[in-house]
Amino acid sequence: MRVEVSGLTKNFGAVRAVSDLGFTVEPGSVTGFLGPNGAGKTTTLRMVLGLVRPDAGTATFDGVPYADLPDPVRVVGAVLETAFHPARSGRNHLRVYCQAAGLPEQRADEVLAQVGLADAGGRRAGGYSLGMRQRLALATALLGDPAVLVLDEPANGLDPEGIQWLRGFLRYMAHEEGRTVLVSSHLLSEVEQTVDRVVIVGAGRLVREGSMEQLRSGADDAGTVLVRSPQAARLAELLREEGVAVTVDEDGGVTVHGRSSAEIGARAFAAGVELHELRPHSSGLEEIYFQLTAGQEQYAAPVPGTAGKAAR
Amino acid sequence: MTALVRAEWTKLFTTRFWIGLLIGGALMTAGFSVLFTVLAGVEEEGQQALPEIGTPAYEELALSVAVQANVFLLILGIIGMTQEFRHKTAVPTFLTTPSRGRVVGAKLLAYAAVAVPFALLLLAVNVGVVLVAAGARGNAPSLTGDNLQTVISSGLVLVLFAVIGVGVGALVRNQVGAIVGALVYLFVIEPIAALVGAIQVVYKWLPGGAIQAVTSDFQAPDVLEPWQGAVVLLGYGLLAALLGTLLAVRRDVG
């Protein structure tokens, strides 16, 4: 099932949270919905799910808006900010939505087992850890065995093991079972190994939409490598001769853009330049993501030191 | 709709707050039943504060005190609606049932139905305590004719207040605001309205006046017919629910 978003716009008072946003999410793949905090990701997902009314635009599932889906639980499963009554057990929480959706109540136990909460189902959800809450939210989304999964920052609160499990789970849902998976995150590195496609937003607008291959193809020469050498000036000169962008700082550190560590090491070795340190500083992908979304954080904090200097 | 009503019952009975409300309502009913019976016919400065035991006036008064517990059913309905917003379960609820009007409708039906056994229990407490207490003073009322009608009317009022609670909750959404607002209305605004002669014409159309119409209290001023009072109370509940659905429940959640 294909999710299509078109011309989506939402204002909160004078603040334009989402602006003429359009993208598609394809079945059989995991799509990462990326952007800095405050880029409008959550608002967009809430509009897609009919919880927030857009000022303009549409979001449809194979052409049908969420509110018009005859049996929405069987079509779309959503993991948003965790929501449950603290006094209700995890299992009873799930039973409520089984009943409301006309699903057999044994689904509650099935999804609890699926997310690894089988033993905790009888406990009050208010006593759950953050990671268990996320799993309960995921279990709620899975009740109707939906064709589409929409997850808003699902890795929040999960331990590294849980994140690893979630990655495998989402890939399995998309690649083996052909479901449509849309997962939001403000960290590219968090979903880099999971997603097949990306939709990148900044300040409520679409910045980039495409496959990870397309994003990576521009990334090979976008990374930076940090080099330390007693002959920093000579190394910088050598690399500049080849047209490489290089910056040298006072204590012998050289930052090289667009060359791999191996390439730089080989060049230094050939020229007999002594190296004390050679390490990748940022991957090309991160660099591209950073450039695409730079300056679009809603509440960007100044880099320590810089704001003060500018003011003086 | 049956599925949604069942889901509402599960939501209610997988939490505990209803137990406290039921106990509170039962204690209040028992307390007023004893108080009215003990004070019945007692003279104060040559005047009877309450009618003598054995008179129809006493029996009607004593057998309608369960109505005083209407505030507990009101709060039951308010919490039933507003906790969806307080604990953000409105999100999974509206994801499961995108039609918010159907959610409110299911809550109205579910809480009206739940209020029936709740009301029966409060009526049992009321009747039981009055029979024992008045019996101890030598004149237990019979449960026939007008007395039976009074008891049934009291139960009807209790059920209608659960419906009004759901409506108020839909309109206000904020749990504390809805409860405080309802209490201020019931215990401050309405008693004042009942006292001010100039607005007594209006008072008979207010919930307090409608309650008096249904239970036809002897002290009542000019009130509506009992059936009209019931319709007015139901009308308040449904109107609040309708306005709430249109103005508040349909607003963005998250």
# chains A, B, ... in the order shown; residues from 1 in each chain; ligands from 1
call {"tool": "closest_atom_pairs", "arguments": {"of": "region 157-228 of chain B", "to": "region 69-92 of chain B", "cutoff": "10 Å", "atoms": "only C-alpha atoms", "output": "CSV"}}
result
residue,atom,partner,partner_atom,distance
B:Val157,CA,B:Asn70,CA,7.3
B:Leu158,CA,B:Asn70,CA,5.2
B:Val159,CA,B:Leu73,CA,7.4
B:Leu160,CA,B:Leu73,CA,8.6
B:Phe161,CA,B:Leu74,CA,5.0
B:Ala162,CA,B:Leu73,CA,4.8
B:Val163,CA,B:Gly77,CA,6.4
B:Ile164,CA,B:Leu74,CA,6.5
B:Gly165,CA,B:Gly77,CA,4.0
B:Val166,CA,B:Gly77,CA,4.3
B:Gly167,CA,B:Ile78,CA,7.5
B:Val168,CA,B:Ile78,CA,6.3
B:Gly169,CA,B:Ile78,CA,4.5
B:Ala170,CA,B:Met81,CA,6.2
B:Leu171,CA,B:Thr82,CA,9.4
B:Val172,CA,B:Thr82,CA,8.0
B:Arg173,CA,B:Thr82,CA,5.1
B:Asn174,CA,B:Thr82,CA,6.2
B:Gln175,CA,B:Thr82,CA,5.1
B:Val176,CA,B:Thr82,CA,8.9
B:Gly177,CA,B:Thr82,CA,9.9
B:Ala178,CA,B:Ile78,CA,6.9
B:Ile179,CA,B:Ile75,CA,6.5
B:Val180,CA,B:Ile75,CA,9.8
B:Ala182,CA,B:Leu74,CA,8.2
B:Leu183,CA,B:Val71,CA,7.7
B:Leu186,CA,B:Val71,CA,8.2
B:Phe187,CA,B:Val71,CA,9.8
B:Ile211,CA,B:Asn70,CA,9.9
call {"tool": "write_last_selection", "arguments": {"atoms": "N, CA and C atoms", "output": "compact mmCIF listing (two decimals), in the first residue's frame"}}
result
# COMPACT_ATOMS: atom_id res chain seq x y z
N VAL B 157 -32.52 10.35 37.79
CA VAL B 157 -31.67 11.55 37.86
C VAL B 157 -30.19 11.16 37.90
N LEU B 158 -29.88 10.13 38.67
CA LEU B 158 -28.47 9.70 38.78
C LEU B 158 -27.93 9.27 37.42
N VAL B 159 -28.71 8.47 36.70
CA VAL B 159 -28.27 8.00 35.38
C VAL B 159 -28.08 9.18 34.44
N LEU B 160 -29.01 10.13 34.49
CA LEU B 160 -28.92 11.28 33.59
C LEU B 160 -27.67 12.12 33.89
N PHE B 161 -27.26 12.15 35.16
CA PHE B 161 -26.07 12.94 35.49
C PHE B 161 -24.78 12.29 34.98
N ALA B 162 -24.76 10.98 34.82
CA ALA B 162 -23.59 10.35 34.20
C ALA B 162 -23.50 10.78 32.74
N VAL B 163 -24.67 10.87 32.08
CA VAL B 163 -24.71 11.34 30.68
C VAL B 163 -24.24 12.80 30.61
N ILE B 164 -24.74 13.63 31.55
CA ILE B 164 -24.31 15.03 31.57
C ILE B 164 -22.79 15.11 31.77
N GLY B 165 -22.24 14.24 32.64
CA GLY B 165 -20.80 14.23 32.90
C GLY B 165 -20.01 13.98 31.62
N VAL B 166 -20.43 13.00 30.83
CA VAL B 166 -19.74 12.73 29.56
C VAL B 166 -19.81 13.97 28.67
N GLY B 167 -20.96 14.60 28.64
CA GLY B 167 -21.13 15.80 27.81
C GLY B 167 -20.22 16.94 28.26
N VAL B 168 -20.18 17.18 29.57
CA VAL B 168 -19.32 18.24 30.12
C VAL B 168 -17.86 17.94 29.81
N GLY B 169 -17.47 16.66 29.97
CA GLY B 169 -16.09 16.26 29.68
C GLY B 169 -15.74 16.50 28.22
N ALA B 170 -16.69 16.23 27.33
CA ALA B 170 -16.43 16.44 25.90
C ALA B 170 -16.26 17.92 25.61
N LEU B 171 -17.01 18.74 26.34
CA LEU B 171 -16.98 20.17 26.09
C LEU B 171 -15.70 20.81 26.63
N VAL B 172 -15.27 20.35 27.80
CA VAL B 172 -14.15 21.02 28.48
C VAL B 172 -12.80 20.34 28.21
N ARG B 173 -12.78 19.00 28.07
CA ARG B 173 -11.56 18.23 27.77
C ARG B 173 -10.55 18.20 28.91
N ASN B 174 -10.38 19.35 29.59
CA ASN B 174 -9.43 19.40 30.70
C ASN B 174 -10.09 18.84 31.95
N GLN B 175 -9.50 17.74 32.50
CA GLN B 175 -10.17 17.00 33.58
C GLN B 175 -10.40 17.85 34.82
N VAL B 176 -9.33 18.51 35.28
CA VAL B 176 -9.46 19.31 36.50
C VAL B 176 -10.43 20.46 36.26
N GLY B 177 -10.30 21.11 35.12
CA GLY B 177 -11.18 22.23 34.81
C GLY B 177 -12.64 21.80 34.77
N ALA B 178 -12.90 20.64 34.17
CA ALA B 178 -14.28 20.17 34.04
C ALA B 178 -14.87 19.85 35.41
N ILE B 179 -14.09 19.18 36.26
CA ILE B 179 -14.61 18.78 37.57
C ILE B 179 -14.82 20.02 38.46
N VAL B 180 -13.81 20.88 38.49
CA VAL B 180 -13.92 22.08 39.32
C VAL B 180 -15.09 22.94 38.83
N ALA B 182 -17.76 22.00 37.23
CA ALA B 182 -19.04 21.37 37.54
C ALA B 182 -19.39 21.54 39.02
N LEU B 183 -18.37 21.40 39.89
CA LEU B 183 -18.62 21.54 41.33
C LEU B 183 -19.02 22.97 41.67
N LEU B 186 -22.59 23.45 40.59
CA LEU B 186 -23.60 22.77 41.41
C LEU B 186 -23.72 23.34 42.81
N PHE B 187 -22.57 23.71 43.40
CA PHE B 187 -22.60 24.07 44.82
C PHE B 187 -22.52 25.57 45.09
N ILE B 211 -34.03 18.71 38.43
CA ILE B 211 -33.98 17.63 39.42
C ILE B 211 -35.21 17.70 40.32
call {"tool": "interface_residues", "arguments": {"of": "chain B", "to": "chain A", "cutoff": "9 Å", "atoms": "only C-alpha atoms", "output": "MDAnalysis selection string"}}
result
chainID B and resid 1:11 14:16 83:84 86:99 250:254
call {"tool": "residues_around", "arguments": {"residues": "Gly209 (chain B)", "least_positions_apart": "4", "cutoff": "12 Å", "atoms": "only C-alpha atoms", "output": "VMD selection string"}}
result
chain B and resid 157 186 190 to 191 193 to 195 199 to 205 213 to 217 219 to 226 228 to 230 232 to 233
call {"tool": "select_by_dssp", "arguments": {"residues": "region 38-254 of chain A", "states": "strand (DSSP E or B)", "output": "PyMOL selection string"}}
result
chain A and resi 56-61+64-65+76-79+89+124+148-152+180-185+197-202+205-211+224-228+245-248+253-254
call {"tool": "write_last_selection", "arguments": {"atoms": "C-alpha atoms", "output": "PDB file, in the first residue's frame"}}
result
ATOM      1  CA  ALA A  56      -4.200  22.504   3.130  1.00  0.00           C
ATOM      2  CA  GLY A  57      -3.147  19.359   1.305  1.00  0.00           C
ATOM      3  CA  THR A  58      -3.942  15.668   1.530  1.00  0.00           C
ATOM      4  CA  ALA A  59      -2.456  12.436   2.801  1.00  0.00           C
ATOM      5  CA  THR A  60      -3.841   9.175   1.464  1.00  0.00           C
ATOM      6  CA  PHE A  61      -3.386   5.413   1.707  1.00  0.00           C
ATOM      7  CA  VAL A  64      -8.025   7.017   0.719  1.00  0.00           C
ATOM      8  CA  PRO A  65      -7.570   9.523   3.566  1.00  0.00           C
ATOM      9  CA  VAL A  76      -2.234   1.437   9.330  1.00  0.00           C
ATOM     10  CA  GLY A  77      -0.410   0.874  12.601  1.00  0.00           C
ATOM     11  CA  ALA A  78       1.080   3.941  14.238  1.00  0.00           C
ATOM     12  CA  VAL A  79       3.620   4.388  17.005  1.00  0.00           C
ATOM     13  CA  SER A  89      -2.054  -3.273  32.476  1.00  0.00           C
ATOM     14  CA  ARG A 124       0.467  -1.822  35.276  1.00  0.00           C
ATOM     15  CA  VAL A 148       1.447   0.245   6.714  1.00  0.00           C
ATOM     16  CA  LEU A 149       3.554   1.048   9.769  1.00  0.00           C
ATOM     17  CA  VAL A 150       4.141   4.666  10.777  1.00  0.00           C
ATOM     18  CA  LEU A 151       6.613   5.206  13.610  1.00  0.00           C
ATOM     19  CA  ASP A 152       7.574   8.539  15.179  1.00  0.00           C
ATOM     20  CA  THR A 180       5.090  -0.057   3.893  1.00  0.00           C
ATOM     21  CA  VAL A 181       7.236   1.342   6.704  1.00  0.00           C
ATOM     22  CA  LEU A 182       7.701   5.038   7.472  1.00  0.00           C
ATOM     23  CA  VAL A 183       9.980   5.809  10.393  1.00  0.00           C
ATOM     24  CA  SER A 184      10.922   9.284  11.582  1.00  0.00           C
ATOM     25  CA  SER A 185      14.146  10.260  13.273  1.00  0.00           C
ATOM     26  CA  ARG A 197      14.673   5.593   1.094  1.00  0.00           C
ATOM     27  CA  VAL A 198      14.782   8.957   2.792  1.00  0.00           C
ATOM     28  CA  VAL A 199      12.467  11.935   2.961  1.00  0.00           C
ATOM     29  CA  ILE A 200      14.379  14.816   4.507  1.00  0.00           C
ATOM     30  CA  VAL A 201      12.523  17.867   5.804  1.00  0.00           C
ATOM     31  CA  GLY A 202      13.748  21.123   7.251  1.00  0.00           C
ATOM     32  CA  ARG A 205       9.580  21.897   3.802  1.00  0.00           C
ATOM     33  CA  LEU A 206      10.814  18.979   1.728  1.00  0.00           C
ATOM     34  CA  VAL A 207      14.586  19.153   1.387  1.00  0.00           C
ATOM     35  CA  ARG A 208      15.378  15.848  -0.313  1.00  0.00           C
ATOM     36  CA  GLU A 209      13.509  12.712  -1.307  1.00  0.00           C
ATOM     37  CA  GLY A 210      15.166   9.664  -2.784  1.00  0.00           C
ATOM     38  CA  SER A 211      16.902   6.350  -2.225  1.00  0.00           C
ATOM     39  CA  THR A 224      36.054  14.961   6.332  1.00  0.00           C
ATOM     40  CA  VAL A 225      39.212  13.342   7.708  1.00  0.00           C
ATOM     41  CA  LEU A 226      41.333  14.698  10.541  1.00  0.00           C
ATOM     42  CA  VAL A 227      45.096  14.334  10.161  1.00  0.00           C
ATOM     43  CA  ARG A 228      47.856  15.191  12.637  1.00  0.00           C
ATOM     44  CA  ALA A 245      40.053  21.363   0.219  1.00  0.00           C
ATOM     45  CA  VAL A 246      42.251  21.518   3.315  1.00  0.00           C
ATOM     46  CA  THR A 247      42.234  23.588   6.473  1.00  0.00           C
ATOM     47  CA  VAL A 248      45.208  23.725   8.833  1.00  0.00           C
ATOM     48  CA  GLY A 253      45.870  19.430  12.809  1.00  0.00           C
ATOM     49  CA  VAL A 254      44.760  19.208   9.204  1.00  0.00           C
TER      50      VAL A 254
END
call {"tool": "select_by_dssp", "arguments": {"residues": "region 28-238 of chain A", "states": "alpha helix (DSSP H)", "output": "MDAnalysis selection string"}}
result
chainID A and resid 41:48 72:75 90:101 106:114 130:142 160:171 188:191 212:217 232:238
call {"tool": "closest_residue", "arguments": {"among": "B:Val114, B:Ala57, B:Ile19, B:Val103", "to": "Ala40 (chain B)", "atoms": "only C-alpha atoms"}}
result
B:Ala57
call {"tool": "residues_around", "arguments": {"residues": "Leu35 (chain B)", "least_positions_apart": "4", "cutoff": "10 Å", "atoms": "only C-alpha atoms", "output": "list in words"}}
result
Thr29, Ala30, Gly31, Leu39, Ala40, Ala62, Val130 and Ala133 of chain B
call {"tool": "write_last_selection", "arguments": {"atoms": "N, CA and C atoms", "output": "mmCIF file, in the first residue's frame"}}
result
data_model
loop_
_atom_site.group_PDB
_atom_site.id
_atom_site.type_symbol
_atom_site.label_atom_id
_atom_site.label_comp_id
_atom_site.auth_asym_id
_atom_site.auth_seq_id
_atom_site.Cartn_x
_atom_site.Cartn_y
_atom_site.Cartn_z
ATOM 1 N N THR B 29 -24.958 9.090 50.463
ATOM 2 C CA THR B 29 -26.369 8.702 50.505
ATOM 3 C C THR B 29 -26.752 8.200 51.895
ATOM 4 N N ALA B 30 -25.903 7.325 52.461
ATOM 5 C CA ALA B 30 -26.189 6.783 53.788
ATOM 6 C C ALA B 30 -26.215 7.907 54.822
ATOM 7 N N GLY B 31 -25.251 8.829 54.710
ATOM 8 C CA GLY B 31 -25.157 9.932 55.665
ATOM 9 C C GLY B 31 -26.397 10.808 55.644
ATOM 10 N N LEU B 39 -33.223 14.076 62.126
ATOM 11 C CA LEU B 39 -33.701 15.445 62.319
ATOM 12 C C LEU B 39 -35.186 15.608 62.025
ATOM 13 N N ALA B 40 -35.820 14.546 61.492
ATOM 14 C CA ALA B 40 -37.220 14.655 61.087
ATOM 15 C C ALA B 40 -38.090 15.035 62.291
ATOM 16 N N ALA B 62 -36.835 11.775 52.411
ATOM 17 C CA ALA B 62 -35.855 10.765 52.810
ATOM 18 C C ALA B 62 -35.548 9.791 51.676
ATOM 19 N N VAL B 130 -32.888 4.222 55.293
ATOM 20 C CA VAL B 130 -34.114 4.902 55.722
ATOM 21 C C VAL B 130 -35.052 3.915 56.418
ATOM 22 N N ALA B 133 -33.494 3.208 59.868
ATOM 23 C CA ALA B 133 -33.471 4.365 60.766
ATOM 24 C C ALA B 133 -34.889 4.813 61.142
#
call {"tool": "residues_around", "arguments": {"residues": "Leu188 (chain A)", "least_positions_apart": "2", "cutoff": "10 Å", "atoms": "only C-alpha atoms", "output": "list in words"}}
result
Gly32, Phe33, Leu34, Gly35, Pro36, Ser184, Ser185, His186, Glu190, Val191, Glu192, Gln193, Val195, Val198, Ile200, Leu285, Glu286, Tyr289 and Phe290 of chain A
call {"tool": "decode", "arguments": {"residues": "region 18-55 of chain A", "atoms": "N, CA and C atoms", "output": "PDB file, in the first residue's frame"}}
result
ATOM      1  N   VAL A  18       4.349  23.186   8.878  1.00  0.00           N
ATOM      2  CA  VAL A  18       4.547  22.355   7.694  1.00  0.00           C
ATOM      3  C   VAL A  18       4.081  23.169   6.493  1.00  0.00           C
ATOM      4  N   SER A  19       4.895  23.142   5.427  1.00  0.00           N
ATOM      5  CA  SER A  19       4.632  24.038   4.315  1.00  0.00           C
ATOM      6  C   SER A  19       4.675  23.285   2.992  1.00  0.00           C
ATOM      7  N   ASP A  20       3.518  23.105   2.394  1.00  0.00           N
ATOM      8  CA  ASP A  20       3.397  22.530   1.056  1.00  0.00           C
ATOM      9  C   ASP A  20       4.265  21.278   0.893  1.00  0.00           C
ATOM     10  N   LEU A  21       4.127  20.359   1.830  1.00  0.00           N
ATOM     11  CA  LEU A  21       4.988  19.179   1.862  1.00  0.00           C
ATOM     12  C   LEU A  21       4.371  18.041   1.053  1.00  0.00           C
ATOM     13  N   GLY A  22       5.181  17.436   0.205  1.00  0.00           N
ATOM     14  CA  GLY A  22       4.701  16.305  -0.584  1.00  0.00           C
ATOM     15  C   GLY A  22       5.772  15.240  -0.710  1.00  0.00           C
ATOM     16  N   PHE A  23       5.383  13.974  -0.566  1.00  0.00           N
ATOM     17  CA  PHE A  23       6.298  12.851  -0.788  1.00  0.00           C
ATOM     18  C   PHE A  23       5.477  11.578  -0.856  1.00  0.00           C
ATOM     19  N   THR A  24       6.093  10.495  -1.298  1.00  0.00           N
ATOM     20  CA  THR A  24       5.389   9.213  -1.314  1.00  0.00           C
ATOM     21  C   THR A  24       6.211   8.186  -0.552  1.00  0.00           C
ATOM     22  N   VAL A  25       5.501   7.228   0.018  1.00  0.00           N
ATOM     23  CA  VAL A  25       6.144   6.138   0.746  1.00  0.00           C
ATOM     24  C   VAL A  25       5.721   4.847   0.062  1.00  0.00           C
ATOM     25  N   GLU A  26       6.723   4.079  -0.381  1.00  0.00           N
ATOM     26  CA  GLU A  26       6.442   2.904  -1.204  1.00  0.00           C
ATOM     27  C   GLU A  26       6.395   1.640  -0.352  1.00  0.00           C
ATOM     28  N   PRO A  27       5.566   0.673  -0.796  1.00  0.00           N
ATOM     29  CA  PRO A  27       5.535  -0.615  -0.087  1.00  0.00           C
ATOM     30  C   PRO A  27       6.831  -1.392  -0.308  1.00  0.00           C
ATOM     31  N   GLY A  28       7.112  -2.305   0.608  1.00  0.00           N
ATOM     32  CA  GLY A  28       8.275  -3.174   0.466  1.00  0.00           C
ATOM     33  C   GLY A  28       9.584  -2.508   0.810  1.00  0.00           C
ATOM     34  N   SER A  29       9.522  -1.295   1.349  1.00  0.00           N
ATOM     35  CA  SER A  29      10.766  -0.618   1.716  1.00  0.00           C
ATOM     36  C   SER A  29      10.563   0.157   3.012  1.00  0.00           C
ATOM     37  N   VAL A  30      11.688   0.431   3.663  1.00  0.00           N
ATOM     38  CA  VAL A  30      11.648   1.263   4.863  1.00  0.00           C
ATOM     39  C   VAL A  30      12.037   2.673   4.453  1.00  0.00           C
ATOM     40  N   THR A  31      11.162   3.628   4.715  1.00  0.00           N
ATOM     41  CA  THR A  31      11.446   5.010   4.377  1.00  0.00           C
ATOM     42  C   THR A  31      11.757   5.784   5.645  1.00  0.00           C
ATOM     43  N   GLY A  32      12.887   6.447   5.663  1.00  0.00           N
ATOM     44  CA  GLY A  32      13.258   7.288   6.795  1.00  0.00           C
ATOM     45  C   GLY A  32      12.710   8.691   6.591  1.00  0.00           C
ATOM     46  N   PHE A  33      12.046   9.211   7.621  1.00  0.00           N
ATOM     47  CA  PHE A  33      11.492  10.566   7.569  1.00  0.00           C
ATOM     48  C   PHE A  33      12.366  11.399   8.496  1.00  0.00           C
ATOM     49  N   LEU A  34      13.281  12.158   7.894  1.00  0.00           N
ATOM     50  CA  LEU A  34      14.358  12.770   8.666  1.00  0.00           C
ATOM     51  C   LEU A  34      14.271  14.285   8.676  1.00  0.00           C
ATOM     52  N   GLY A  35      14.781  14.829   9.751  1.00  0.00           N
ATOM     53  CA  GLY A  35      14.845  16.279   9.864  1.00  0.00           C
ATOM     54  C   GLY A  35      15.204  16.635  11.284  1.00  0.00           C
ATOM     55  N   PRO A  36      15.739  17.831  11.484  1.00  0.00           N
ATOM     56  CA  PRO A  36      16.081  18.242  12.853  1.00  0.00           C
ATOM     57  C   PRO A  36      14.826  18.404  13.701  1.00  0.00           C
ATOM     58  N   ASN A  37      15.017  18.489  15.009  1.00  0.00           N
ATOM     59  CA  ASN A  37      13.880  18.734  15.902  1.00  0.00           C
ATOM     60  C   ASN A  37      13.171  20.010  15.473  1.00  0.00           C
ATOM     61  N   GLY A  38      11.839  19.963  15.459  1.00  0.00           N
ATOM     62  CA  GLY A  38      11.081  21.146  15.089  1.00  0.00           C
ATOM     63  C   GLY A  38      10.930  21.323  13.588  1.00  0.00           C
ATOM     64  N   ALA A  39      11.312  20.303  12.803  1.00  0.00           N
ATOM     65  CA  ALA A  39      11.210  20.431  11.350  1.00  0.00           C
ATOM     66  C   ALA A  39       9.790  20.154  10.862  1.00  0.00           C
ATOM     67  N   GLY A  40       8.918  19.676  11.772  1.00  0.00           N
ATOM     68  CA  GLY A  40       7.533  19.412  11.371  1.00  0.00           C
ATOM     69  C   GLY A  40       7.232  17.933  11.146  1.00  0.00           C
ATOM     70  N   LYS A  41       8.149  17.066  11.554  1.00  0.00           N
ATOM     71  CA  LYS A  41       7.949  15.623  11.320  1.00  0.00           C
ATOM     72  C   LYS A  41       6.724  15.106  12.053  1.00  0.00           C
ATOM     73  N   THR A  42       6.655  15.373  13.351  1.00  0.00           N
ATOM     74  CA  THR A  42       5.550  14.836  14.138  1.00  0.00           C
ATOM     75  C   THR A  42       4.217  15.408  13.678  1.00  0.00           C
ATOM     76  N   THR A  43       4.198  16.718  13.402  1.00  0.00           N
ATOM     77  CA  THR A  43       2.962  17.334  12.906  1.00  0.00           C
ATOM     78  C   THR A  43       2.529  16.679  11.599  1.00  0.00           C
ATOM     79  N   THR A  44       3.495  16.422  10.719  1.00  0.00           N
ATOM     80  CA  THR A  44       3.171  15.781   9.448  1.00  0.00           C
ATOM     81  C   THR A  44       2.563  14.399   9.674  1.00  0.00           C
ATOM     82  N   LEU A  45       3.203  13.607  10.536  1.00  0.00           N
ATOM     83  CA  LEU A  45       2.695  12.255  10.779  1.00  0.00           C
ATOM     84  C   LEU A  45       1.296  12.316  11.388  1.00  0.00           C
ATOM     85  N   ARG A  46       1.062  13.281  12.271  1.00  0.00           N
ATOM     86  CA  ARG A  46      -0.270  13.399  12.886  1.00  0.00           C
ATOM     87  C   ARG A  46      -1.316  13.801  11.853  1.00  0.00           C
ATOM     88  N   MET A  47      -0.906  14.593  10.873  1.00  0.00           N
ATOM     89  CA  MET A  47      -1.852  14.937   9.797  1.00  0.00           C
ATOM     90  C   MET A  47      -2.123  13.719   8.928  1.00  0.00           C
ATOM     91  N   VAL A  48      -1.073  12.943   8.641  1.00  0.00           N
ATOM     92  CA  VAL A  48      -1.236  11.726   7.834  1.00  0.00           C
ATOM     93  C   VAL A  48      -2.233  10.784   8.505  1.00  0.00           C
ATOM     94  N   LEU A  49      -2.222  10.771   9.835  1.00  0.00           N
ATOM     95  CA  LEU A  49      -3.059   9.835  10.592  1.00  0.00           C
ATOM     96  C   LEU A  49      -4.396  10.451  11.017  1.00  0.00           C
ATOM     97  N   GLY A  50      -4.701  11.648  10.533  1.00  0.00           N
ATOM     98  CA  GLY A  50      -6.008  12.234  10.812  1.00  0.00           C
ATOM     99  C   GLY A  50      -6.170  12.769  12.220  1.00  0.00           C
ATOM    100  N   LEU A  51      -5.068  12.920  12.972  1.00  0.00           N
ATOM    101  CA  LEU A  51      -5.182  13.433  14.336  1.00  0.00           C
ATOM    102  C   LEU A  51      -5.126  14.951  14.367  1.00  0.00           C
ATOM    103  N   VAL A  52      -4.420  15.513  13.402  1.00  0.00           N
ATOM    104  CA  VAL A  52      -4.309  16.957  13.268  1.00  0.00           C
ATOM    105  C   VAL A  52      -4.874  17.318  11.897  1.00  0.00           C
ATOM    106  N   ARG A  53      -5.697  18.347  11.865  1.00  0.00           N
ATOM    107  CA  ARG A  53      -6.342  18.731  10.619  1.00  0.00           C
ATOM    108  C   ARG A  53      -5.433  19.664   9.826  1.00  0.00           C
ATOM    109  N   PRO A  54      -5.055  19.293   8.605  1.00  0.00           N
ATOM    110  CA  PRO A  54      -4.173  20.183   7.836  1.00  0.00           C
ATOM    111  C   PRO A  54      -4.921  21.432   7.372  1.00  0.00           C
ATOM    112  N   ASP A  55      -4.184  22.537   7.222  1.00  0.00           N
ATOM    113  CA  ASP A  55      -4.788  23.744   6.662  1.00  0.00           C
ATOM    114  C   ASP A  55      -4.960  23.589   5.154  1.00  0.00           C
TER     115      ASP A  55
END
